[in-house]
$ cat data37.txt   # compact mmCIF, C-alpha atoms
# COMPACT_ATOMS: atom_id res chain seq x y z
CA MET A 1 9.46 7.59 3.56
CA LYS A 2 5.75 7.43 4.33
CA LEU A 3 3.30 6.54 1.58
CA GLY A 4 1.31 9.59 0.55
CA ARG A 5 -1.99 10.00 -1.19
CA LEU A 6 -2.53 8.35 -4.57
CA ASN A 7 -2.88 11.73 -6.25
CA HIS A 8 -3.80 10.38 -9.68
CA ILE A 9 -3.58 7.52 -12.09
CA GLY A 10 -2.24 8.45 -15.50
CA VAL A 11 -4.35 7.13 -18.39
CA ALA A 12 -3.02 7.41 -21.93
CA THR A 13 -5.56 8.16 -24.64
CA PRO A 14 -5.47 8.72 -28.39
CA SER A 15 -8.00 11.55 -27.89
CA ILE A 16 -8.67 13.58 -24.77
CA ALA A 17 -11.90 14.83 -26.36
CA GLU A 18 -13.11 11.23 -26.74
CA SER A 19 -11.97 10.35 -23.20
CA ILE A 20 -13.87 13.30 -21.75
CA ARG A 21 -17.03 12.09 -23.48
CA TYR A 22 -16.34 8.58 -22.14
CA TYR A 23 -15.85 9.67 -18.51
CA ARG A 24 -18.88 11.98 -18.69
CA ASP A 25 -21.38 9.89 -20.67
CA VAL A 26 -20.34 6.31 -19.82
CA MET A 27 -18.76 6.59 -16.37
CA GLY A 28 -20.89 9.47 -15.08
CA ALA A 29 -18.09 11.85 -14.08
CA LYS A 30 -18.66 15.59 -13.74
CA ILE A 31 -16.06 17.25 -15.95
CA THR A 32 -14.77 20.42 -14.32
CA HIS A 33 -11.22 20.80 -15.67
CA LYS A 34 -10.05 21.88 -19.12
CA PRO A 35 -7.30 20.24 -21.19
CA PHE A 36 -3.95 22.01 -21.40
CA ASP A 37 -0.59 21.41 -23.06
CA LEU A 38 2.44 20.34 -21.01
CA GLU A 39 4.88 21.04 -23.82
CA ALA A 40 8.01 20.13 -21.84
CA GLN A 41 6.64 16.60 -21.56
CA GLY A 42 5.19 16.45 -25.06
CA VAL A 43 1.65 15.81 -23.84
CA LYS A 44 -1.79 17.35 -23.64
CA VAL A 45 -3.32 16.74 -20.21
CA CYS A 46 -6.79 16.86 -18.66
CA PHE A 47 -7.73 15.88 -15.12
CA VAL A 48 -10.99 14.11 -14.25
CA ASP A 49 -12.08 14.17 -10.60
CA THR A 50 -13.41 11.14 -8.77
CA PRO A 51 -15.14 11.45 -5.40
CA GLY A 52 -13.20 10.45 -2.27
CA ALA A 53 -14.60 9.15 1.01
CA ASP A 54 -16.87 11.40 3.10
CA GLY A 55 -17.11 14.18 0.52
CA THR A 56 -13.35 14.66 0.11
CA HIS A 57 -11.50 14.84 -3.20
CA GLY A 58 -10.55 11.40 -4.45
CA THR A 59 -7.76 10.16 -6.68
CA GLN A 60 -7.86 11.95 -10.03
CA ILE A 61 -7.56 10.50 -13.49
CA GLU A 62 -4.89 12.27 -15.53
CA LEU A 63 -5.72 11.89 -19.20
CA ILE A 64 -2.63 12.19 -21.38
CA GLU A 65 -2.60 12.51 -25.15
CA PRO A 66 0.57 12.83 -27.24
CA LEU A 67 1.30 16.30 -28.62
CA GLY A 68 3.18 14.77 -31.55
CA PRO A 69 4.85 11.60 -32.86
CA GLU A 70 7.93 12.27 -30.68
CA SER A 71 5.86 12.23 -27.48
CA PRO A 72 6.73 9.43 -25.02
CA ILE A 73 3.01 8.57 -25.04
CA ALA A 74 3.08 7.93 -28.79
CA ASN A 75 4.99 4.67 -28.26
CA PHE A 76 2.59 3.54 -25.54
CA LEU A 77 -0.32 4.07 -27.94
CA LYS A 78 1.39 2.04 -30.66
CA THR A 79 1.16 -0.97 -28.33
CA ASN A 80 -2.20 0.06 -26.82
CA PRO A 81 -4.09 1.90 -29.58
CA SER A 82 -7.22 2.51 -27.50
CA GLY A 83 -5.16 3.82 -24.57
CA GLY A 84 -4.89 2.44 -21.06
CA GLN A 85 -3.29 2.72 -17.65
CA HIS A 86 0.05 4.46 -18.03
CA HIS A 87 1.37 5.43 -14.56
CA VAL A 88 0.53 5.93 -10.90
CA CYS A 89 1.35 9.11 -8.96
CA TYR A 90 1.87 9.25 -5.19
CA GLU A 91 2.32 12.41 -3.12
CA VAL A 92 5.24 13.01 -0.77
CA GLU A 93 5.84 15.86 1.68
CA ASP A 94 9.31 16.75 0.40
CA ILE A 95 10.44 15.97 -3.14
CA ALA A 96 14.19 16.29 -2.39
CA ASP A 97 13.97 13.86 0.52
CA ALA A 98 11.99 11.43 -1.64
CA ARG A 99 14.50 11.64 -4.50
CA LYS A 100 17.34 10.87 -2.08
CA TRP A 101 15.36 7.96 -0.60
CA PHE A 102 14.87 6.28 -3.98
CA GLU A 103 18.40 7.10 -5.18
CA GLU A 104 19.94 5.48 -2.12
CA MET A 105 17.89 2.37 -2.85
CA GLY A 106 19.34 2.25 -6.36
CA LYS A 107 16.02 2.93 -8.09
CA ARG A 108 16.39 4.43 -11.56
CA ILE A 109 15.01 7.98 -11.67
CA LEU A 110 13.98 9.15 -15.13
CA GLY A 111 15.41 12.62 -15.64
CA PRO A 112 15.60 15.63 -13.36
CA THR A 113 13.00 16.78 -10.87
CA ARG A 114 10.70 19.12 -12.76
CA ILE A 115 7.35 20.88 -12.48
CA GLY A 116 4.44 18.57 -13.18
CA ALA A 117 0.86 19.00 -14.29
CA HIS A 118 -0.27 20.23 -10.86
CA GLY A 119 2.49 22.87 -10.73
CA THR A 120 4.52 21.11 -8.01
CA PRO A 121 7.87 19.29 -8.40
CA ILE A 122 7.74 15.71 -9.64
CA PHE A 123 9.98 12.91 -10.90
CA PHE A 124 9.38 9.52 -12.46
CA LEU A 125 10.81 6.10 -11.48
CA HIS A 126 11.56 3.28 -13.92
CA PRO A 127 8.80 0.66 -14.01
CA LYS A 128 11.33 -2.18 -13.97
CA ASP A 129 12.45 -1.03 -10.50
CA MET A 130 8.87 -0.47 -9.28
CA MET A 131 7.25 -3.87 -9.80
CA GLY A 132 6.13 -3.06 -13.32
CA GLN A 133 4.59 0.34 -12.65
CA LEU A 134 5.84 3.62 -14.08
CA THR A 135 5.68 5.64 -10.85
CA GLU A 136 5.48 9.40 -10.49
CA ILE A 137 6.38 11.02 -7.19
CA MET A 138 4.84 14.45 -6.63
CA GLU A 139 5.23 16.96 -3.84
CA THR A 140 1.91 17.65 -2.14
CA PRO A 141 0.69 21.13 -3.06
CA LYS A 142 1.20 23.47 -0.10
CA GLU A 143 -1.87 24.97 1.49
CA GLY A 144 -2.78 28.20 -0.18
CA THR A 145 -1.06 27.19 -3.40
CA HIS A 146 -3.09 28.02 -6.46
CA TRP A 147 -4.03 24.58 -7.74
CA SER A 148 -6.63 24.82 -10.43
CA ASN A 149 -5.96 21.65 -12.40
CA MET B 1 -25.03 6.65 -13.55
CA LYS B 2 -22.90 8.79 -11.29
CA LEU B 3 -19.18 8.09 -10.99
CA GLY B 4 -18.39 6.58 -7.61
CA ARG B 5 -15.23 6.32 -5.61
CA LEU B 6 -12.15 4.77 -7.17
CA ASN B 7 -12.21 1.93 -4.67
CA HIS B 8 -8.97 0.31 -5.79
CA ILE B 9 -6.51 -0.20 -8.58
CA GLY B 10 -5.72 -3.84 -9.30
CA VAL B 11 -2.00 -4.57 -9.57
CA ALA B 12 -0.86 -7.97 -10.83
CA THR B 13 2.24 -9.42 -9.20
CA PRO B 14 4.24 -12.63 -9.52
CA SER B 15 4.55 -12.66 -5.71
CA ILE B 16 2.30 -11.00 -3.14
CA ALA B 17 5.00 -11.57 -0.51
CA GLU B 18 7.48 -9.59 -2.61
CA SER B 19 4.90 -6.87 -3.34
CA ILE B 20 4.15 -6.47 0.37
CA ARG B 21 7.85 -5.94 1.06
CA TYR B 22 7.96 -3.43 -1.83
CA TYR B 23 4.98 -1.37 -0.63
CA ARG B 24 6.25 -1.45 2.96
CA ASP B 25 10.01 -0.95 2.51
CA VAL B 26 10.20 1.06 -0.71
CA MET B 27 6.90 2.98 -0.83
CA GLY B 28 6.43 3.37 2.91
CA ALA B 29 2.95 1.85 3.24
CA LYS B 30 1.64 0.50 6.52
CA ILE B 31 0.56 -3.08 5.80
CA THR B 32 -2.58 -3.93 7.77
CA HIS B 33 -4.32 -6.56 5.66
CA LYS B 34 -3.49 -10.22 5.15
CA PRO B 35 -3.46 -12.07 1.81
CA PHE B 36 -6.33 -14.46 1.10
CA ASP B 37 -7.38 -16.77 -1.73
CA LEU B 38 -10.28 -15.86 -4.01
CA GLU B 39 -10.54 -19.34 -5.48
CA ALA B 40 -13.54 -18.59 -7.72
CA GLN B 41 -11.36 -16.06 -9.58
CA GLY B 42 -8.17 -18.13 -9.45
CA VAL B 43 -6.23 -15.48 -7.55
CA LYS B 44 -4.61 -14.73 -4.22
CA VAL B 45 -5.40 -11.17 -3.12
CA CYS B 46 -4.02 -8.67 -0.63
CA PHE B 47 -5.13 -5.06 -0.15
CA VAL B 48 -2.71 -2.23 0.63
CA ASP B 49 -4.21 0.99 2.01
CA THR B 50 -3.23 4.44 0.82
CA PRO B 51 -4.22 7.58 2.74
CA GLY B 52 -7.05 9.72 1.39
CA ALA B 53 -7.58 13.44 1.82
CA ASP B 54 -8.18 14.83 5.34
CA GLY B 55 -7.55 11.54 7.15
CA THR B 56 -10.07 9.51 5.14
CA HIS B 57 -9.40 6.15 3.54
CA GLY B 58 -7.91 6.51 0.08
CA THR B 59 -7.99 4.29 -2.98
CA GLN B 60 -6.59 0.86 -2.16
CA ILE B 61 -4.09 -1.21 -4.12
CA GLU B 62 -5.40 -4.71 -4.75
CA LEU B 63 -2.43 -7.03 -5.22
CA ILE B 64 -3.36 -10.07 -7.28
CA GLU B 65 -1.21 -13.16 -7.74
CA PRO B 66 -2.25 -16.17 -9.82
CA LEU B 67 -3.29 -19.25 -7.84
CA GLY B 68 -2.18 -21.51 -10.69
CA PRO B 69 -1.28 -21.59 -14.39
CA GLU B 70 -4.99 -21.47 -15.36
CA SER B 71 -5.49 -18.16 -13.55
CA PRO B 72 -6.48 -15.21 -15.76
CA ILE B 73 -3.58 -13.34 -14.16
CA ALA B 74 -1.08 -15.93 -15.40
CA ASN B 75 -1.42 -14.65 -18.98
CA PHE B 76 -0.98 -11.04 -17.89
CA LEU B 77 2.26 -12.00 -16.14
CA LYS B 78 3.56 -13.76 -19.26
CA THR B 79 3.48 -10.37 -21.01
CA ASN B 80 4.47 -8.40 -17.88
CA PRO B 81 6.73 -10.69 -15.81
CA SER B 82 7.37 -8.15 -13.06
CA GLY B 83 3.65 -7.37 -12.75
CA GLY B 84 1.86 -4.10 -13.37
CA GLN B 85 -1.40 -2.21 -13.46
CA HIS B 86 -4.18 -4.69 -14.23
CA HIS B 87 -7.57 -3.04 -13.64
CA VAL B 88 -9.43 -0.12 -12.07
CA CYS B 89 -12.44 -0.53 -9.77
CA TYR B 90 -15.15 2.09 -9.28
CA GLU B 91 -17.95 1.93 -6.73
CA VAL B 92 -21.63 2.27 -7.62
CA GLU B 93 -24.66 2.50 -5.35
CA ASP B 94 -26.62 -0.28 -7.01
CA ILE B 95 -24.93 -3.07 -8.95
CA ALA B 96 -28.08 -4.15 -10.84
CA ASP B 97 -28.74 -0.61 -12.06
CA ALA B 98 -25.10 -0.28 -13.12
CA ARG B 99 -25.18 -3.57 -15.01
CA LYS B 100 -28.29 -2.47 -16.88
CA TRP B 101 -26.68 0.92 -17.64
CA PHE B 102 -23.62 -0.65 -19.28
CA GLU B 103 -25.65 -3.38 -21.01
CA GLU B 104 -27.92 -0.82 -22.63
CA MET B 105 -24.84 0.97 -23.91
CA GLY B 106 -23.66 -2.26 -25.55
CA LYS B 107 -20.59 -2.61 -23.32
CA ARG B 108 -19.33 -6.17 -23.04
CA ILE B 109 -19.72 -7.48 -19.47
CA LEU B 110 -17.35 -10.32 -18.59
CA GLY B 111 -19.41 -13.00 -16.89
CA PRO B 112 -22.12 -12.82 -14.25
CA THR B 113 -22.30 -10.44 -11.32
CA ARG B 114 -20.49 -12.15 -8.45
CA ILE B 115 -19.07 -11.50 -5.00
CA GLY B 116 -15.72 -9.72 -5.14
CA ALA B 117 -12.75 -9.37 -2.82
CA HIS B 118 -14.57 -6.89 -0.56
CA GLY B 119 -17.58 -9.19 -0.17
CA THR B 120 -19.93 -7.05 -2.28
CA PRO B 121 -21.29 -7.76 -5.78
CA ILE B 122 -19.02 -6.89 -8.70
CA PHE B 123 -18.68 -7.35 -12.45
CA PHE B 124 -15.97 -6.63 -15.00
CA LEU B 125 -16.20 -4.76 -18.32
CA HIS B 126 -14.13 -5.50 -21.42
CA PRO B 127 -11.11 -3.18 -21.76
CA LYS B 128 -11.78 -2.73 -25.50
CA ASP B 129 -15.10 -1.08 -24.63
CA MET B 130 -13.60 1.01 -21.80
CA MET B 131 -10.82 2.94 -23.54
CA GLY B 132 -8.23 0.26 -22.87
CA GLN B 133 -8.94 -0.30 -19.20
CA LEU B 134 -10.23 -3.54 -17.69
CA THR B 135 -12.87 -1.98 -15.44
CA GLU B 136 -14.44 -3.50 -12.34
CA ILE B 137 -17.71 -2.12 -11.03
CA MET B 138 -18.36 -2.79 -7.34
CA GLU B 139 -21.34 -2.05 -5.14
CA THR B 140 -20.35 0.26 -2.27
CA PRO B 141 -20.35 -1.72 0.97
CA LYS B 142 -23.43 -0.81 3.01
CA GLU B 143 -22.87 0.89 6.34
CA GLY B 144 -22.50 -1.65 9.07
CA THR B 145 -21.31 -4.30 6.63
CA HIS B 146 -18.39 -6.28 7.93
CA TRP B 147 -15.59 -5.17 5.62
CA SER B 148 -12.27 -6.34 6.91
CA ASN B 149 -10.26 -6.51 3.70
$ encode --input "data37.txt" --output "C-alpha cells"
Amino acid sequence: MKLGRLNHIGVATPSIAESIRYYRDVMGAKITHKPFDLEAQGVKVCFVDTPGADGTHGTQIELIEPLGPESPIANFLKTNPSGGQHHVCYEVEDIADARKWFEEMGKRILGPTRIGAHGTPIFFLHPKDMMGQLTEIMETPKEGTHWSN
Amino acid sequence: MKLGRLNHIGVATPSIAESIRYYRDVMGAKITHKPFDLEAQGVKVCFVDTPGADGTHGTQIELIEPLGPESPIANFLKTNPSGGQHHVCYEVEDIADARKWFEEMGKRILGPTRIGAHGTPIFFLHPKDMMGQLTEIMETPKEGTHWSN
C-alpha cells in the first residue's frame, strides 16, 4: 500500500457552532461548509478547509459533535470536555485492497466498510494497532464525483 | 489573521525507530528524512512526508520521542504508552503579528517564541484555550530558506 493524502484530521467538539466561531474568529479560517448529521455514526459533522501548498486544497478539519449520549464521541468528550484530536484519515486508491492489506497484517478493523462523511467508502482501524491513533482509511473520491462536503 | 497551511501534526511515540517502521511498512510512506535531536525542547524529532493534492507537499507527520524522563513528551507517554496525536501546527506569514493576535485575545502562550524543528520561529498555545488542541504556530519558511527537514 502507498500512503495517500492526509484527507482530514477528526476533531471532537462539544459544540460545532462554537468550533466554527473558533476556527473563523481565532484561527482565521474561511468557513464554506455547513454542518450535517451522519446518523449512522451518531455524529454531527462539519468540515473546515485549510489551504494546501501552491493554492491546492489542504488537509481538512472534520469537526464531530455527538448526536446523543450513545454517540461514540460522547465518551471521548467525557475524558476531554473541551474536545480535541480524535482521529486521522488517509486516502487510498482502492478501499477493498486497503482492507485486505490491513487484515493480512492482523490490524483490528472496527466494523464494516461503510460510506463516510465525504460519500466514499471508509473504515476505521483500532488505535492500539496504529501506534495510538484511531485511523480512518478513505477511498479517494473519483474525478467527477459530486463532493460538496 | 488568516489560517495558514496545516504544516504538520505532532505525533508522540515511545520509539521513533518503531514509528518509522510503522509508517513505512504499515502505512506505505516513503521515509526521506532522518531523526535529529531538538535538545532545547527535550525531544528527538523525525518528519514523515505525506502527499498533498496535485503532486504538492502535504501535511507532514512530526514524530516526537522524549530525550529523557524530564521531556514534556514523557508525561504524555505515561498516559498514552503507545503514543498518539500530540499537537497541530499551522503556518502564519509573520510570527510576531500572530503572537500579538493571540495575546490580544487572551490566549495563553507557552513560553517565548523560539526556533522550531523546521528552523523557523514558533510558539505554542495552551490546549485549554484552543478547544482541546495543543497548537503550534510556525512562521512559513521564506523562499530560498534551507529547509531540509
$ interface_residues --input "data37.txt" --of "chain A" --to "chain B" --cutoff "9 Å" --atoms "only C-alpha atoms" --output "number ranges by chain"
A: 1-7, 9, 11-13, 19, 22-30, 50-54, 56-60, 80-88, 101-102, 105, 127-128, 130-134
$ residues_near_point --input "data37.txt" --point "(0.7, 12.9, -31.2)" --cutoff "9 Å" --atoms "all atoms listed in the file" --output "PyMOL selection string"
chain A and resi 14+42-43+65-71+73-74
$ write_last_selection --input "data37.txt" --atoms "C-alpha atoms" --output "PDB file, keeping the file's coordinate frame"
ATOM      1  CA  PRO A  14      -5.470   8.720 -28.390  1.00  0.00           C
ATOM      2  CA  GLY A  42       5.190  16.450 -25.060  1.00  0.00           C
ATOM      3  CA  VAL A  43       1.650  15.810 -23.840  1.00  0.00           C
ATOM      4  CA  GLU A  65      -2.600  12.510 -25.150  1.00  0.00           C
ATOM      5  CA  PRO A  66       0.570  12.830 -27.240  1.00  0.00           C
ATOM      6  CA  LEU A  67       1.300  16.300 -28.620  1.00  0.00           C
ATOM      7  CA  GLY A  68       3.180  14.770 -31.550  1.00  0.00           C
ATOM      8  CA  PRO A  69       4.850  11.600 -32.860  1.00  0.00           C
ATOM      9  CA  GLU A  70       7.930  12.270 -30.680  1.00  0.00           C
ATOM     10  CA  SER A  71       5.860  12.230 -27.480  1.00  0.00           C
ATOM     11  CA  ILE A  73       3.010   8.570 -25.040  1.00  0.00           C
ATOM     12  CA  ALA A  74       3.080   7.930 -28.790  1.00  0.00           C
TER      13      ALA A  74
END
$ residues_near_point --input "data37.txt" --point "(5.5, 9.4, -11.2)" --cutoff "9 Å" --atoms "only C-alpha atoms" --output "JSON list (two decimals) with C-alpha atoms, in the coordinates of the input"
[["chain", "number", "residue", "atom", "x", "y", "z"],
["A", 10, "GLY", "CA", -2.24, 8.45, -15.50],
["A", 87, "HIS", "CA", 1.37, 5.43, -14.56],
["A", 88, "VAL", "CA", 0.53, 5.93, -10.90],
["A", 89, "CYS", "CA", 1.35, 9.11, -8.96],
["A", 90, "TYR", "CA", 1.87, 9.25, -5.19],
["A", 122, "ILE", "CA", 7.74, 15.71, -9.64],
["A", 123, "PHE", "CA", 9.98, 12.91, -10.90],
["A", 124, "PHE", "CA", 9.38, 9.52, -12.46],
["A", 125, "LEU", "CA", 10.81, 6.10, -11.48],
["A", 134, "LEU", "CA", 5.84, 3.62, -14.08],
["A", 135, "THR", "CA", 5.68, 5.64, -10.85],
["A", 136, "GLU", "CA", 5.48, 9.40, -10.49],
["A", 137, "ILE", "CA", 6.38, 11.02, -7.19],
["A", 138, "MET", "CA", 4.84, 14.45, -6.63]]
$ closest_residue --input "data37.txt" --among "A:Ile64, A:Ile20, A:Glu91, A:Leu110" --to "Leu38 (chain A)" --atoms "only C-alpha atoms"
A:Ile64
$ atom_distance --input "data37.txt" --atom1 "CA of Glu39 (chain A)" --atom2 "CA of Pro141 (chain A)"
21.2 Å
$ atom_distance --input "data37.txt" --atom1 "CA of Thr120 (chain B)" --atom2 "CA of Thr140 (chain B)"
7.3 Å
$ atom_distance --input "data37.txt" --atom1 "CA of Pro72 (chain A)" --atom2 "CA of His126 (chain B)"
25.9 Å
$ axis_aligned_box --input "data37.txt" --around "region 99-117 of chain A" --padding-each-side "3 Å" --output "AutoDock Vina command-line options"
--center_x 10.4 --center_y 11.6 --center_z -8.1 --size_x 25.1 --size_y 24.6 --size_z 21.0
$ closest_residue --input "data37.txt" --among "A:Glu103, A:Asn75, A:Ile95, A:Val48" --to "Lys34 (chain A)" --atoms "only C-alpha atoms"
A:Val48
$ build_atoms --input "data37.txt" --residues "region 71-82 of chain B" --atoms "all heavy atoms" --output "short mmCIF file (atom, residue, chain, number, x, y, z; two decimals), keeping the file's coordinate frame"
data_model
loop_
_atom_site.label_atom_id
_atom_site.label_comp_id
_atom_site.auth_asym_id
_atom_site.auth_seq_id
_atom_site.Cartn_x
_atom_site.Cartn_y
_atom_site.Cartn_z
N SER B 71 -4.97 -19.44 -14.03
CA SER B 71 -5.49 -18.16 -13.55
C SER B 71 -5.47 -17.12 -14.67
O SER B 71 -4.53 -17.08 -15.46
CB SER B 71 -4.64 -17.67 -12.39
OG SER B 71 -4.94 -16.33 -12.08
N PRO B 72 -6.50 -16.28 -14.75
CA PRO B 72 -6.48 -15.21 -15.76
C PRO B 72 -5.29 -14.27 -15.61
O PRO B 72 -4.88 -13.62 -16.57
CB PRO B 72 -7.81 -14.47 -15.52
CG PRO B 72 -8.34 -14.95 -14.22
CD PRO B 72 -7.73 -16.27 -13.95
N ILE B 73 -4.74 -14.22 -14.40
CA ILE B 73 -3.58 -13.34 -14.16
C ILE B 73 -2.30 -13.94 -14.74
O ILE B 73 -1.34 -13.23 -15.05
CB ILE B 73 -3.40 -13.09 -12.64
CG1 ILE B 73 -4.67 -12.53 -12.03
CG2 ILE B 73 -2.23 -12.15 -12.36
CD1 ILE B 73 -5.05 -11.18 -12.60
N ALA B 74 -2.29 -15.26 -14.90
CA ALA B 74 -1.08 -15.93 -15.40
C ALA B 74 -0.70 -15.39 -16.78
O ALA B 74 0.47 -15.14 -17.07
CB ALA B 74 -1.28 -17.44 -15.42
N ASN B 75 -1.69 -15.19 -17.63
CA ASN B 75 -1.42 -14.65 -18.98
C ASN B 75 -0.87 -13.23 -18.92
O ASN B 75 0.04 -12.88 -19.66
CB ASN B 75 -2.70 -14.65 -19.83
CG ASN B 75 -2.86 -15.98 -20.54
OD1 ASN B 75 -1.88 -16.69 -20.75
ND2 ASN B 75 -4.09 -16.31 -20.89
N PHE B 76 -1.46 -12.42 -18.05
CA PHE B 76 -0.98 -11.04 -17.89
C PHE B 76 0.49 -11.05 -17.50
O PHE B 76 1.29 -10.26 -18.02
CB PHE B 76 -1.82 -10.34 -16.81
CG PHE B 76 -1.45 -8.89 -16.59
CD1 PHE B 76 -2.11 -7.87 -17.27
CD2 PHE B 76 -0.44 -8.54 -15.70
CE1 PHE B 76 -1.77 -6.54 -17.06
CE2 PHE B 76 -0.09 -7.21 -15.49
CZ PHE B 76 -0.76 -6.21 -16.17
N LEU B 77 0.87 -11.97 -16.61
CA LEU B 77 2.26 -12.00 -16.14
C LEU B 77 3.23 -12.54 -17.20
O LEU B 77 4.42 -12.26 -17.15
CB LEU B 77 2.38 -12.81 -14.85
CG LEU B 77 1.76 -12.14 -13.61
CD1 LEU B 77 1.76 -13.09 -12.42
CD2 LEU B 77 2.49 -10.85 -13.25
N LYS B 78 2.69 -13.31 -18.15
CA LYS B 78 3.56 -13.76 -19.26
C LYS B 78 4.04 -12.54 -20.04
O LYS B 78 5.19 -12.46 -20.44
CB LYS B 78 2.78 -14.72 -20.18
CG LYS B 78 2.98 -16.18 -19.80
CD LYS B 78 2.31 -17.10 -20.80
CE LYS B 78 1.89 -18.37 -20.07
NZ LYS B 78 0.76 -19.06 -20.72
N THR B 79 3.13 -11.59 -20.27
CA THR B 79 3.48 -10.37 -21.01
C THR B 79 4.22 -9.37 -20.12
O THR B 79 5.06 -8.61 -20.60
CB THR B 79 2.19 -9.70 -21.55
OG1 THR B 79 1.31 -10.72 -22.01
CG2 THR B 79 2.49 -8.74 -22.66
N ASN B 80 3.88 -9.36 -18.83
CA ASN B 80 4.47 -8.40 -17.88
C ASN B 80 5.04 -9.17 -16.69
O ASN B 80 4.42 -9.23 -15.63
CB ASN B 80 3.39 -7.43 -17.38
CG ASN B 80 2.57 -6.81 -18.50
OD1 ASN B 80 2.98 -5.83 -19.10
ND2 ASN B 80 1.42 -7.42 -18.80
N PRO B 81 6.23 -9.76 -16.85
CA PRO B 81 6.73 -10.69 -15.81
C PRO B 81 6.93 -10.05 -14.44
O PRO B 81 6.84 -10.75 -13.44
CB PRO B 81 8.07 -11.17 -16.37
CG PRO B 81 8.18 -10.67 -17.76
CD PRO B 81 7.13 -9.64 -18.00
N SER B 82 7.19 -8.73 -14.38
CA SER B 82 7.37 -8.15 -13.06
C SER B 82 6.05 -7.59 -12.50
O SER B 82 6.03 -6.95 -11.46
CB SER B 82 8.47 -7.08 -13.07
OG SER B 82 8.25 -6.14 -14.10
#
